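Q: One file: upload38.pdb (PDB, C-alpha atoms and all ligand atoms).
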```pdb
ATOM      1  CA  MET A  34      90.150 139.093  92.043
ATOM      2  CA  ASN A  35      93.448 137.973  90.655
ATOM      3  CA  GLU A  36      95.808 140.005  92.850
ATOM      4  CA  GLN A  37      99.389 140.167  91.678
ATOM      5  CA  SER A  38     101.690 138.707  94.365
ATOM      6  CA  ASP A  39     104.663 140.765  95.469
ATOM      7  CA  ILE A  40     107.265 138.815  93.491
ATOM      8  CA  SER A  41     110.249 141.153  93.415
ATOM      9  CA  ALA A  42     112.672 141.608  90.542
ATOM     10  CA  ALA A  43     115.472 140.632  92.937
ATOM     11  CA  LEU A  44     113.852 137.253  93.577
ATOM     12  CA  ILE A  45     113.323 136.648  89.858
ATOM     13  CA  LYS A  46     116.989 137.483  89.244
ATOM     14  CA  ALA A  47     118.092 135.100  92.037
ATOM     15  CA  LEU A  48     116.014 132.321  90.459
ATOM     16  CA  ARG A  49     117.268 133.080  86.955
ATOM     17  CA  ASP A  50     120.876 132.990  88.174
ATOM     18  CA  ALA A  51     120.371 129.877  90.332
ATOM     19  CA  ARG A  52     122.416 126.777  89.517
ATOM     20  CA  HIS A  53     120.368 124.694  92.002
ATOM     21  CA  VAL A  54     116.937 125.430  93.521
ATOM     22  CA  CYS A  55     115.646 123.452  96.496
ATOM     23  CA  ILE A  56     111.937 123.419  97.333
ATOM     24  CA  LEU A  57     110.404 122.302 100.635
ATOM     25  CA  THR A  58     106.638 121.828 100.560
ATOM     26  CA  GLY A  59     104.132 121.302 103.348
ATOM     27  CA  ALA A  60     100.446 120.581 103.677
ATOM     28  CA  GLY A  61      99.509 124.070 102.454
ATOM     29  CA  VAL A  62     100.503 123.125  98.895
ATOM     30  CA  SER A  63      97.826 120.400  98.923
ATOM     31  CA  ALA A  64      95.223 122.589 100.640
ATOM     32  CA  GLU A  65      93.937 123.893  97.269
ATOM     33  CA  SER A  66      93.416 120.263  96.230
ATOM     34  CA  GLY A  67      90.988 119.878  99.113
ATOM     35  CA  VAL A  68      93.386 117.908 101.322
ATOM     36  CA  PRO A  69      93.107 119.315 104.880
ATOM     37  CA  THR A  70      96.342 120.624 106.397
ATOM     38  CA  PHE A  71      97.595 119.414 109.743
ATOM     39  CA  ARG A  72      96.432 122.632 111.375
ATOM     40  CA  ASP A  73      92.951 122.539 109.797
ATOM     41  CA  ALA A  74      90.228 121.203 112.029
ATOM     42  CA  GLN A  75      89.272 117.735 110.817
ATOM     43  CA  ASP A  76      85.643 117.096 109.947
ATOM     44  CA  GLY A  77      83.098 114.517 110.910
ATOM     45  CA  LEU A  78      84.229 111.451 112.806
ATOM     46  CA  TRP A  79      87.741 112.805 113.112
ATOM     47  CA  ALA A  80      86.813 116.222 114.510
ATOM     48  CA  LYS A  81      87.462 115.034 118.056
ATOM     49  CA  TYR A  82      91.044 113.997 117.319
ATOM     50  CA  LYS A  83      94.219 116.015 116.691
ATOM     51  CA  PRO A  84      96.352 114.648 113.807
ATOM     52  CA  GLN A  85      99.470 115.060 115.928
ATOM     53  CA  GLU A  86      97.936 112.660 118.467
ATOM     54  CA  LEU A  87      96.971 110.057 115.878
ATOM     55  CA  ALA A  88     100.211 110.175 113.836
ATOM     56  CA  THR A  89     102.291 108.394 116.506
ATOM     57  CA  PRO A  90     103.460 104.798 117.123
ATOM     58  CA  GLU A  91     101.897 104.986 120.594
ATOM     59  CA  ALA A  92      98.455 105.744 119.135
ATOM     60  CA  PHE A  93      98.841 102.839 116.709
ATOM     61  CA  ILE A  94      99.866 100.383 119.424
ATOM     62  CA  LYS A  95      96.974 101.574 121.615
ATOM     63  CA  ASP A  96      94.310 101.194 118.914
ATOM     64  CA  PRO A  97      95.591  99.940 115.536
ATOM     65  CA  ALA A  98      92.054  99.592 114.141
ATOM     66  CA  LEU A  99      91.299 103.268 114.873
ATOM     67  CA  ILE A 100      94.536 104.386 113.231
ATOM     68  CA  TRP A 101      93.893 102.223 110.186
ATOM     69  CA  ARG A 102      90.391 103.762 109.907
ATOM     70  CA  TRP A 103      91.943 107.256 109.991
ATOM     71  CA  TYR A 104      94.527 106.461 107.316
ATOM     72  CA  ARG A 105      91.988 104.710 105.107
ATOM     73  CA  TRP A 106      89.756 107.814 105.412
ATOM     74  CA  ARG A 107      92.732 109.971 104.355
ATOM     75  CA  ARG A 108      93.628 107.613 101.492
ATOM     76  CA  ASP A 109      90.063 107.825 100.147
ATOM     77  CA  LEU A 110      90.109 111.617 100.494
ATOM     78  CA  VAL A 111      93.448 111.949  98.662
ATOM     79  CA  ALA A 112      92.400 109.452  95.965
ATOM     80  CA  GLU A 113      89.484 111.832  95.190
ATOM     81  CA  ALA A 114      91.784 114.866  95.136
ATOM     82  CA  ASN A 115      93.719 116.200  92.146
ATOM     83  CA  PRO A 116      96.957 118.136  91.887
ATOM     84  CA  ASN A 117      96.392 121.904  91.761
ATOM     85  CA  PRO A 118      98.190 124.682  89.806
ATOM     86  CA  GLY A 119     100.792 124.891  92.565
ATOM     87  CA  HIS A 120     101.801 121.236  92.093
ATOM     88  CA  TYR A 121     101.914 121.652  88.312
ATOM     89  CA  ALA A 122     104.017 124.817  88.544
ATOM     90  CA  ILE A 123     106.575 122.989  90.713
ATOM     91  CA  ALA A 124     106.694 120.133  88.193
ATOM     92  CA  GLU A 125     107.254 122.696  85.386
ATOM     93  CA  LEU A 126     109.994 124.433  87.408
ATOM     94  CA  GLU A 127     111.780 121.074  87.658
ATOM     95  CA  GLN A 128     111.927 121.026  83.828
ATOM     96  CA  ARG A 129     113.129 124.639  83.558
ATOM     97  CA  MET A 130     115.759 124.871  86.275
ATOM     98  CA  PRO A 131     119.325 123.590  85.678
ATOM     99  CA  ARG A 132     118.808 121.546  88.873
ATOM    100  CA  LEU A 133     115.813 121.387  91.232
ATOM    101  CA  THR A 134     115.435 119.265  94.366
ATOM    102  CA  LEU A 135     111.916 118.832  95.763
ATOM    103  CA  VAL A 136     111.623 117.826  99.408
ATOM    104  CA  THR A 137     108.044 117.308 100.537
ATOM    105  CA  GLN A 138     106.599 116.806 104.001
ATOM    106  CA  ASN A 139     103.393 115.727 102.291
ATOM    107  CA  VAL A 140     102.518 112.055 102.097
ATOM    108  CA  ASP A 141      99.738 112.389  99.479
ATOM    109  CA  GLY A 142     101.728 111.703  96.292
ATOM    110  CA  LEU A 143     100.186 114.746  94.540
ATOM    111  CA  HIS A 144     103.578 116.098  93.422
ATOM    112  CA  GLN A 145     104.261 112.850  91.556
ATOM    113  CA  ARG A 146     100.759 112.900  90.038
ATOM    114  CA  ALA A 147     101.445 116.452  88.818
ATOM    115  CA  GLY A 148     104.569 115.235  87.010
ATOM    116  CA  SER A 149     107.416 115.984  89.448
ATOM    117  CA  LYS A 150     110.023 113.349  88.649
ATOM    118  CA  HIS A 151     112.346 113.407  91.665
ATOM    119  CA  VAL A 152     110.511 113.796  94.972
ATOM    120  CA  ILE A 153     112.146 113.300  98.357
ATOM    121  CA  GLU A 154     109.273 112.098 100.585
ATOM    122  CA  PHE A 155     110.585 113.341 103.926
ATOM    123  CA  HIS A 156     107.638 111.929 105.876
ATOM    124  CA  GLY A 157     106.962 108.846 103.759
ATOM    125  CA  ASN A 158     103.933 107.987 101.641
ATOM    126  CA  LEU A 159     100.313 107.550 102.723
ATOM    127  CA  PHE A 160      99.697 104.690 100.293
ATOM    128  CA  ASP A 161     102.606 102.467 101.317
ATOM    129  CA  ASP A 162     101.925  99.553 103.671
ATOM    130  CA  ARG A 163     104.889  98.514 105.795
ATOM    131  CA  CYS A 164     105.579  95.844 108.420
ATOM    132  CA  PHE A 165     105.486  97.423 111.879
ATOM    133  CA  SER A 166     108.578  95.435 112.910
ATOM    134  CA  ASP A 167     110.998  95.850 110.022
ATOM    135  CA  ARG A 168     109.399  98.463 107.685
ATOM    136  CA  THR A 169     109.437  96.095 104.677
ATOM    137  CA  LEU A 170     106.901  97.035 102.014
ATOM    138  CA  HIS A 171     103.819  94.834 101.566
ATOM    139  CA  THR A 172     100.270  95.112 100.230
ATOM    140  CA  ALA A 173      97.687  95.199 102.984
ATOM    141  CA  ASP A 174      94.540  93.079 102.765
ATOM    142  CA  ASP A 175      91.940  95.856 103.001
ATOM    143  CA  SER A 176      89.260  93.395 104.070
ATOM    144  CA  LEU A 177      91.027  93.203 107.464
ATOM    145  CA  ASP A 178      90.506  95.941 110.074
ATOM    146  CA  VAL A 179      94.207  95.599 110.954
ATOM    147  CA  PRO A 180      96.220  93.921 108.176
ATOM    148  CA  THR A 181      99.196  91.740 109.137
ATOM    149  CA  CYS A 182     102.627  91.087 107.643
ATOM    150  CA  PRO A 183     102.708  87.914 105.488
ATOM    151  CA  ASP A 184     106.343  87.329 106.532
ATOM    152  CA  CYS A 185     106.277  87.728 110.318
ATOM    153  CA  GLY A 186     102.612  88.141 111.269
ATOM    154  CA  ASP A 187     103.144  91.543 112.963
ATOM    155  CA  TYR A 188     100.760  94.358 112.130
ATOM    156  CA  LEU A 189     101.162  96.289 108.900
ATOM    157  CA  ARG A 190     101.144 100.104 109.228
ATOM    158  CA  PRO A 191     100.920 102.997 106.780
ATOM    159  CA  GLY A 192     104.341 103.876 105.329
ATOM    160  CA  VAL A 193     104.511 107.357 106.868
ATOM    161  CA  VAL A 194     106.932 108.795 109.447
ATOM    162  CA  TRP A 195     105.119 109.304 112.738
ATOM    163  CA  PHE A 196     105.999 111.865 115.401
ATOM    164  CA  GLY A 197     108.869 110.520 117.453
ATOM    165  CA  GLU A 198     110.164 108.435 114.519
ATOM    166  CA  ALA A 199     113.340 109.138 112.606
ATOM    167  CA  ILE A 200     113.220 110.498 109.051
ATOM    168  CA  PRO A 201     114.346 107.760 106.616
ATOM    169  CA  GLU A 202     118.145 108.078 106.426
ATOM    170  CA  SER A 203     118.384 108.443 102.659
ATOM    171  CA  ALA A 204     115.648 111.104 102.587
ATOM    172  CA  LEU A 205     117.335 113.047 105.388
ATOM    173  CA  ASN A 206     120.791 112.823 103.803
ATOM    174  CA  ASP A 207     119.588 113.759 100.325
ATOM    175  CA  ALA A 208     117.482 116.655 101.635
ATOM    176  CA  CYS A 209     120.336 118.044 103.736
ATOM    177  CA  ALA A 210     122.837 117.721 100.864
ATOM    178  CA  ALA A 211     120.526 119.570  98.468
ATOM    179  CA  THR A 212     119.680 122.234 101.047
ATOM    180  CA  THR A 213     123.358 122.842 101.748
ATOM    181  CA  ASP A 214     124.200 123.085  98.036
ATOM    182  CA  CYS A 215     121.298 125.131  96.677
ATOM    183  CA  ASP A 216     121.389 128.810  95.709
ATOM    184  CA  VAL A 217     117.668 129.433  96.303
ATOM    185  CA  PHE A 218     115.496 127.615  98.884
ATOM    186  CA  LEU A 219     111.713 127.938  98.553
ATOM    187  CA  SER A 220     109.670 126.978 101.646
ATOM    188  CA  ILE A 221     106.080 126.634 100.432
ATOM    189  CA  GLY A 222     102.885 125.897 102.378
ATOM    190  CA  THR A 223     104.400 124.919 105.693
ATOM    191  CA  SER A 224     103.918 126.276 109.194
ATOM    192  CA  SER A 225     107.614 125.492 109.843
ATOM    193  CA  LEU A 226     106.614 123.860 113.134
ATOM    194  CA  VAL A 227     107.694 120.271 112.486
ATOM    195  CA  TYR A 228     111.353 119.329 112.778
ATOM    196  CA  PRO A 229     113.744 118.373 111.324
ATOM    197  CA  ALA A 230     111.990 119.616 108.130
ATOM    198  CA  ALA A 231     111.593 123.115 109.572
ATOM    199  CA  GLY A 232     115.338 123.246 110.235
ATOM    200  CA  LEU A 233     116.165 123.008 106.527
ATOM    201  CA  THR A 234     115.485 126.720 106.026
ATOM    202  CA  ASP A 235     118.187 127.696 108.523
ATOM    203  CA  LEU A 236     120.571 125.150 106.979
ATOM    204  CA  ALA A 237     120.005 126.709 103.553
ATOM    205  CA  SER A 238     120.449 130.242 104.849
ATOM    206  CA  GLU A 239     123.616 129.333 106.800
ATOM    207  CA  ASN A 240     125.069 127.966 103.546
ATOM    208  CA  GLY A 241     124.435 131.179 101.651
ATOM    209  CA  ALA A 242     121.158 130.393  99.886
ATOM    210  CA  CYS A 243     118.477 132.996  99.241
ATOM    211  CA  VAL A 244     115.532 131.717 101.328
ATOM    212  CA  VAL A 245     111.938 132.392 100.311
ATOM    213  CA  GLU A 246     108.646 131.656 102.092
ATOM    214  CA  ILE A 247     105.327 131.330 100.246
ATOM    215  CA  ASN A 248     102.372 131.199 102.622
ATOM    216  CA  PRO A 249      99.125 133.203 102.859
ATOM    217  CA  ILE A 250      99.670 133.553 106.602
ATOM    218  CA  PRO A 251     102.939 134.732 108.193
ATOM    219  CA  THR A 252     104.635 131.989 110.212
ATOM    220  CA  THR A 253     106.814 132.184 113.314
ATOM    221  CA  HIS A 254     109.788 131.865 110.934
ATOM    222  CA  SER A 255     108.762 134.516 108.370
ATOM    223  CA  ALA A 256     111.357 137.013 109.610
ATOM    224  CA  ARG A 257     114.146 134.490 108.805
ATOM    225  CA  PHE A 258     113.395 134.613 105.079
ATOM    226  CA  ASP A 259     114.957 136.954 102.520
ATOM    227  CA  PHE A 260     111.574 137.062 100.777
ATOM    228  CA  ALA A 261     108.189 136.225 102.356
ATOM    229  CA  ILE A 262     105.427 136.144  99.743
ATOM    230  CA  ALA A 263     101.931 136.287 101.258
ATOM    231  CA  GLY A 264      99.734 134.229  98.970
ATOM    232  CA  ASN A 265      98.341 130.841  98.060
ATOM    233  CA  ALA A 266     100.784 128.483  96.377
ATOM    234  CA  GLY A 267      98.266 127.794  93.593
ATOM    235  CA  LEU A 268      98.332 131.481  92.646
ATOM    236  CA  VAL A 269     101.904 132.552  93.471
ATOM    237  CA  LEU A 270     103.745 129.643  91.826
ATOM    238  CA  PRO A 271     102.176 130.003  88.344
ATOM    239  CA  GLU A 272     102.918 133.750  88.564
ATOM    240  CA  LEU A 273     106.513 132.981  89.554
ATOM    241  CA  LEU A 274     106.797 130.627  86.601
ATOM    242  CA  GLU A 275     105.389 133.310  84.269
ATOM    243  CA  SER A 276     107.818 135.934  85.633
ATOM    244  CA  LEU A 277     110.695 133.555  84.901
ATOM    245  CA  ALA A 278     109.683 133.093  81.268
ATOM    246  CA  PRO A 279     112.333 134.652  79.000
TER     247      PRO A 279
HETATM  248  C1  LIG A 301     112.004 113.250 114.867
HETATM  249  C2  LIG A 301     103.470 112.035 108.397
HETATM  250  C3  LIG A 301     113.713 112.258 116.133
HETATM  251  C4  LIG A 301     102.393 111.384 109.220
HETATM  252  C5  LIG A 301     104.211 113.942 109.715
HETATM  253  C6  LIG A 301     109.220 114.462 121.215
HETATM  254  C7  LIG A 301     109.685 113.208 120.809
HETATM  255  C8  LIG A 301     110.267 112.993 119.563
HETATM  256  C9  LIG A 301     110.331 114.039 118.663
HETATM  257  C10 LIG A 301     109.829 115.262 119.063
HETATM  258  C11 LIG A 301     109.306 115.508 120.313
HETATM  259  N1  LIG A 301     108.938 116.821 120.391
HETATM  260  C12 LIG A 301     109.202 117.413 119.227
HETATM  261  C13 LIG A 301     109.743 116.495 118.414
HETATM  262  C14 LIG A 301     110.151 116.666 117.088
HETATM  263  C15 LIG A 301     108.908 116.386 116.232
HETATM  264  C16 LIG A 301     108.276 117.733 115.994
HETATM  265  O1  LIG A 301     108.798 118.514 115.226
HETATM  266  N2  LIG A 301     107.136 118.008 116.657
HETATM  267  C17 LIG A 301     106.508 119.310 116.490
HETATM  268  C18 LIG A 301     104.978 119.140 116.519
HETATM  269  C19 LIG A 301     106.993 120.232 117.591
HETATM  270  N3  LIG A 301     109.384 115.780 115.010
HETATM  271  C20 LIG A 301     109.393 114.461 114.894
HETATM  272  O2  LIG A 301     108.933 113.688 115.697
HETATM  273  C21 LIG A 301     110.075 113.960 113.639
HETATM  274  N4  LIG A 301     111.042 112.967 114.000
HETATM  275  O3  LIG A 301     112.215 114.308 115.376
HETATM  276  O4  LIG A 301     112.711 112.142 115.137
HETATM  277  C22 LIG A 301     114.332 110.938 116.176
HETATM  278  C23 LIG A 301     115.637 110.795 115.698
HETATM  279  C24 LIG A 301     116.234 109.565 115.763
HETATM  280  C25 LIG A 301     115.522 108.456 116.262
HETATM  281  C26 LIG A 301     114.201 108.602 116.691
HETATM  282  C27 LIG A 301     113.591 109.865 116.651
HETATM  283  C28 LIG A 301     109.093 113.313 112.702
HETATM  284  C29 LIG A 301     108.069 114.343 112.260
HETATM  285  C30 LIG A 301     107.208 113.735 111.144
HETATM  286  C31 LIG A 301     105.773 113.658 111.592
HETATM  287  N5  LIG A 301     104.938 113.175 110.471
HETATM  288  N6  LIG A 301     103.509 113.473 108.688
HETATM  289  C32 LIG A 301     101.019 111.648 108.651
HETATM  290  O5  LIG A 301     100.879 112.457 107.708
HETATM  291  O6  LIG A 301     100.066 111.022 109.162
HETATM  292  S1  LIG A 301     104.248 115.587 110.032
HETATM  293  C33 LIG A 301     102.940 116.419 109.383
HETATM  294  O7  LIG A 301     103.228 117.789 109.707
HETATM  295  C34 LIG A 301     102.745 116.428 107.876
HETATM  296  O8  LIG A 301     103.765 115.774 107.162
HETATM  297  C35 LIG A 301     102.793 117.928 107.571
HETATM  298  O9  LIG A 301     103.188 118.216 106.298
HETATM  299  C36 LIG A 301     103.830 118.294 108.536
HETATM  300  C37 LIG A 301     104.205 119.694 108.817
HETATM  301  O10 LIG A 301     103.086 120.459 108.885
HETATM  302  P1  LIG A 301     102.849 121.463 107.652
HETATM  303  O11 LIG A 301     103.139 120.749 106.381
HETATM  304  O12 LIG A 301     103.601 122.702 107.910
HETATM  305  O13 LIG A 301     101.329 121.641 107.719
HETATM  306  P2  LIG A 301     100.577 122.609 108.711
HETATM  307  O14 LIG A 301      99.163 122.182 108.700
HETATM  308  O15 LIG A 301     101.319 122.710 110.009
HETATM  309  O16 LIG A 301     100.709 124.043 108.033
HETATM  310  C38 LIG A 301     100.165 124.264 106.755
HETATM  311  C39 LIG A 301     100.646 125.633 106.320
HETATM  312  O17 LIG A 301     100.175 125.869 105.004
HETATM  313  C40 LIG A 301     100.145 126.784 107.190
HETATM  314  O18 LIG A 301     101.214 127.627 107.520
HETATM  315  C41 LIG A 301      99.156 127.517 106.264
HETATM  316  O19 LIG A 301      99.172 128.917 106.497
HETATM  317  C42 LIG A 301      99.705 127.199 104.922
HETATM  318  N7  LIG A 301      98.738 127.217 103.820
HETATM  319  C43 LIG A 301      97.410 126.960 103.883
HETATM  320  N8  LIG A 301      96.891 127.065 102.638
HETATM  321  C44 LIG A 301      97.912 127.379 101.788
HETATM  322  C45 LIG A 301      99.096 127.469 102.547
HETATM  323  N9  LIG A 301     100.282 127.768 102.008
HETATM  324  C46 LIG A 301     100.314 127.992 100.678
HETATM  325  N10 LIG A 301      99.220 127.917  99.873
HETATM  326  C47 LIG A 301      98.018 127.613 100.400
HETATM  327  N11 LIG A 301      96.917 127.552  99.600
END
```
Before anything else, please render the file you have as structure tokens.

A:
Amino acid sequence: MNEQSDISAALIKALRDARHVCILTGAGVSAESGVPTFRDAQDGLWAKYKPQELATPEAFIKDPALIWRWYRWRRDLVAEANPNPGHYAIAELEQRMPRLTLVTQNVDGLHQRAGSKHVIEFHGNLFDDRCFSDRTLHTADDSLDVPTCPDCGDYLRPGVVWFGEAIPESALNDACAATTDCDVFLSIGTSSLVYPAAGLTDLASENGACVVEINPIPTTHSARFDFAIAGNAGLVLPELLESLAP
């Protein structure tokens, strides 16, 4: 059944009047593309691991071959996935809004494949291969269980930000500047558990933005939002787009 989401007239007005909209997305936006979220139980071989325990430099140092197997499994899974209506609606919003900044915690590249032009990849990109020592970009030899850097011989690693690692400076600065400046901040498909990304909502609110959560399940932060829309991104965002049409 195509239930109408509770998109209020006040929210539509705030979006229509907005000079600058900032969007933060999390794994929930890719869930409808078949990409498991960080809280979903993993299947098969990976069921016995927790993503939070694998996505760390310590796990990589302990068993680089295991970590490469996990990321190659995720790369194959994402390569088979397609953007969903939620991704496309965000890309369309970027065309319609006077200014829209998209900050994503997702590393799957689906926003770019859906047509979003300017994406701040807060946690890096799954498909980048970087030298473990100096983070320079390279192309891994996939015939090797653990590819090495052609410059220094150290291991290559996926170009994502692991737990305990700093957010890339430019991504952090650009995301904070946009969050501070925006009039409306949409937090979509995130449990708001991972920092510093989860702190952007408070930063937006403290700087006077109207803050909106879109998530089928209430989060620990839901009460902090001016609007909390209970629904799947792939349903709510196209409806939001339609409500904005003149
Ligand atoms: C940092 C890339 C400091 C990797 C990811 C001890 C030591 C150091 C740091 C810490 C520490 N303790 C805590 C911290 C901070 C830590 C943190 O926040 N930990 C949490 C667990 C408490 N943060 C960090 O470590 C960060 N760095 O603090 O550095 C520093 C500073 C200077 C110098 C050195 C260090 C780095 C965090 C980045 C981690 N990397 N990803 C990879 O992908 O392999 S995070 C990972 O979680 C993904 O990016 C994911 O997107 C992100 C957040 O999760 P969500 O996106 O919210 O996904 P989740 O599954 O949780 O929720 C999905 C939601 O979607 C749910 O609410 C669900 O209801 C909803 N949903 C489902 N379906 C839909 C939907 N919504 C809409 N529509 C649907 N259809």

Q: For chain A against ligand LIG 301 (chain A), with a cut-off of 6 Å and counting only C-alpha atoms and all ligand atoms, what is the closest atom pair and its distance in Å to one decimal for every residue that makes the cut, ordered by chain and number, as CSV?

A:
```
residue,atom,partner,partner_atom,distance
A:Gly59,CA,A:LIG301,O11,3.2
A:Ala60,CA,A:LIG301,O11,3.8
A:Gly61,CA,A:LIG301,O17,3.2
A:Val62,CA,A:LIG301,N10,5.1
A:Ala64,CA,A:LIG301,N8,5.2
A:Glu65,CA,A:LIG301,N11,5.3
A:Thr70,CA,A:LIG301,O14,4.0
A:Phe71,CA,A:LIG301,O14,3.3
A:Arg72,CA,A:LIG301,O14,3.8
A:Ala88,CA,A:LIG301,O6,4.8
A:Gln138,CA,A:LIG301,O9,4.3
A:Asn139,CA,A:LIG301,O9,4.7
A:Val140,CA,A:LIG301,O5,5.9
A:His156,CA,A:LIG301,C2,4.9
A:Val193,CA,A:LIG301,C2,5.0
A:Val194,CA,A:LIG301,C2,4.9
A:Trp195,CA,A:LIG301,N5,4.5
A:Phe196,CA,A:LIG301,O2,3.5
A:Gly197,CA,A:LIG301,C8,3.5
A:Glu198,CA,A:LIG301,C27,4.3
A:Ala199,CA,A:LIG301,O4,4.0
A:Ile200,CA,A:LIG301,N4,5.9
A:Ile221,CA,A:LIG301,C46,5.9
A:Gly222,CA,A:LIG301,N9,3.2
A:Thr223,CA,A:LIG301,O12,3.2
A:Ser224,CA,A:LIG301,O18,3.5
A:Ser225,CA,A:LIG301,O12,5.3
A:Leu226,CA,A:LIG301,C17,5.7
A:Val227,CA,A:LIG301,O1,3.4
A:Tyr228,CA,A:LIG301,O1,3.6
A:Pro229,CA,A:LIG301,O3,5.9
A:Asn248,CA,A:LIG301,N9,4.1
A:Pro249,CA,A:LIG301,N9,5.6
A:Ile250,CA,A:LIG301,O19,4.7
A:Asn265,CA,A:LIG301,N10,3.6
A:Ala266,CA,A:LIG301,N10,3.9
```

Q: As an mmCIF file with C-alpha atoms, in the coordinates of the input, please: the residues near A:Pro183 (cut-off 12 Å, all atoms listed in the file, same-chain neighbours under 2 positions excluded).

A:
```cif
data_model
loop_
_atom_site.group_PDB
_atom_site.id
_atom_site.type_symbol
_atom_site.label_atom_id
_atom_site.label_comp_id
_atom_site.auth_asym_id
_atom_site.auth_seq_id
_atom_site.Cartn_x
_atom_site.Cartn_y
_atom_site.Cartn_z
ATOM 1 C CA ASP A 162 101.925 99.553 103.671
ATOM 2 C CA ARG A 163 104.889 98.514 105.795
ATOM 3 C CA CYS A 164 105.579 95.844 108.420
ATOM 4 C CA PHE A 165 105.486 97.423 111.879
ATOM 5 C CA THR A 169 109.437 96.095 104.677
ATOM 6 C CA LEU A 170 106.901 97.035 102.014
ATOM 7 C CA HIS A 171 103.819 94.834 101.566
ATOM 8 C CA THR A 172 100.270 95.112 100.230
ATOM 9 C CA ALA A 173 97.687 95.199 102.984
ATOM 10 C CA ASP A 174 94.540 93.079 102.765
ATOM 11 C CA PRO A 180 96.220 93.921 108.176
ATOM 12 C CA THR A 181 99.196 91.740 109.137
ATOM 13 C CA CYS A 185 106.277 87.728 110.318
ATOM 14 C CA GLY A 186 102.612 88.141 111.269
ATOM 15 C CA ASP A 187 103.144 91.543 112.963
ATOM 16 C CA TYR A 188 100.760 94.358 112.130
ATOM 17 C CA LEU A 189 101.162 96.289 108.900
#
```

Q: Which residues match the PyMOL selection byres (((chain A and resi 73-79) around 12) and not hetatm) in the file above, as a VMD selection string?

A: chain A and resid 60 to 61 64 67 to 72 80 to 87 99 to 100 102 to 104 106 to 107 110 224

Q: To one decimal place in Å, what is the distance between atom CA of A:His254 and atom CA of A:Gly241?

A: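 Going from atom CA of A:His254 over to atom CA of A:Gly241, I get 17.4 Å.
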
Q: Neighbours of A:Thr137 within 8 Å (all atoms listed in the file; same-chain residues fewer than 6 positions away dropped), as a ChimeraX atom specification?

A: /A:56-59,152-156

Q: Please determine, counting all atoms listed in the file, which residue among A:Cys243, A:Leu274, A:Val179, A:Ile123 has the shortest atom-to-atom distance to A:Val217.

A: A:Cys243

Q: Under the PyMOL selection byres (((chain A and resi 268-270) around 10) and not hetatm), which residues of this model are included? Write them out as a ChimeraX atom specification.

A: /A:35-40,65,117-123,126,221,247-249,262-267,271-276

Q: Could you pull out every residue with an atom within 12 Å of (115.1, 136.0, 89.0), file coordinates, counting all atoms listed in the file, and send them as a ChimeraX atom specification?

A: /A:40-52,54,130,216-217,243,273-279

Q: Using Å and a single decimal, report how far atom CA of A:Gly157 sits from atom CA of A:Pro131.

A: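 Separation of atom CA of A:Pro131 and atom CA of A:Gly157: 26.4 Å.
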
Q: Rounded to one decimal place, report the atom CA of A:Arg146-atom CA of A:Ala114 distance in Å.

A: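 Atom CA of A:Ala114 lies at a distance of 10.5 Å from atom CA of A:Arg146.
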
Q: Could you check which of A:Thr213, A:Ser203, A:Gln145, A:Gln128 is closest to A:Glu239, using all atoms listed in the file?

A: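 Closest to A:Glu239 of all the choices is A:Thr213.
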
Q: Pull the neighbourhood of (119.2, 121.5, 102.0) for me: all residues within 10 Å in file coordinates, counting only C-alpha atoms, as a PyMOL selection string.

A: chain A and resi 54-57+134-136+205-218+230+232-238+240+242

Q: So that I have them on file, write out the residues from the current selection with C-alpha atoms, as a CSV table (one decimal), in the coordinates of the input.

A:
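And here is the file that came out, out-v2.csv:
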```csv
chain,number,residue,atom,x,y,z
A,54,VAL,CA,116.9,125.4,93.5
A,55,CYS,CA,115.6,123.5,96.5
A,56,ILE,CA,111.9,123.4,97.3
A,57,LEU,CA,110.4,122.3,100.6
A,134,THR,CA,115.4,119.3,94.4
A,135,LEU,CA,111.9,118.8,95.8
A,136,VAL,CA,111.6,117.8,99.4
A,205,LEU,CA,117.3,113.0,105.4
A,206,ASN,CA,120.8,112.8,103.8
A,207,ASP,CA,119.6,113.8,100.3
A,208,ALA,CA,117.5,116.7,101.6
A,209,CYS,CA,120.3,118.0,103.7
A,210,ALA,CA,122.8,117.7,100.9
A,211,ALA,CA,120.5,119.6,98.5
A,212,THR,CA,119.7,122.2,101.0
A,213,THR,CA,123.4,122.8,101.7
A,214,ASP,CA,124.2,123.1,98.0
A,215,CYS,CA,121.3,125.1,96.7
A,216,ASP,CA,121.4,128.8,95.7
A,217,VAL,CA,117.7,129.4,96.3
A,218,PHE,CA,115.5,127.6,98.9
A,230,ALA,CA,112.0,119.6,108.1
A,232,GLY,CA,115.3,123.2,110.2
A,233,LEU,CA,116.2,123.0,106.5
A,234,THR,CA,115.5,126.7,106.0
A,235,ASP,CA,118.2,127.7,108.5
A,236,LEU,CA,120.6,125.2,107.0
A,237,ALA,CA,120.0,126.7,103.6
A,238,SER,CA,120.4,130.2,104.8
A,240,ASN,CA,125.1,128.0,103.5
A,242,ALA,CA,121.2,130.4,99.9
```

Q: Hey, which of A:Glu125, A:Asp259, A:His144, A:Arg108 ends up closest to A:Ser220? Count all atoms listed in the file.

A: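 Of the candidates, the smallest distance to A:Ser220 is held by A:Asp259.
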
Q: For the provided coordinates, the residues matched by the PyMOL selection byres (((chain A and resi 258) around 7) and not hetatm) should be stated as a list of chain:residue names.

A: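 Evaluating the PyMOL selection byres (((chain A and resi 258) around 7) and not hetatm) on this file yields A:Val244, A:Val245, A:Glu246, A:Ser255, A:Ala256, A:Arg257, A:Asp259, A:Phe260, A:Ala261.
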
Q: Could you check which of A:Leu219, A:Arg132, A:Thr252, A:Gly192 is closest to A:Pro90, using all atoms listed in the file?

A: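 Selected residue with least distance to A:Pro90: A:Gly192.
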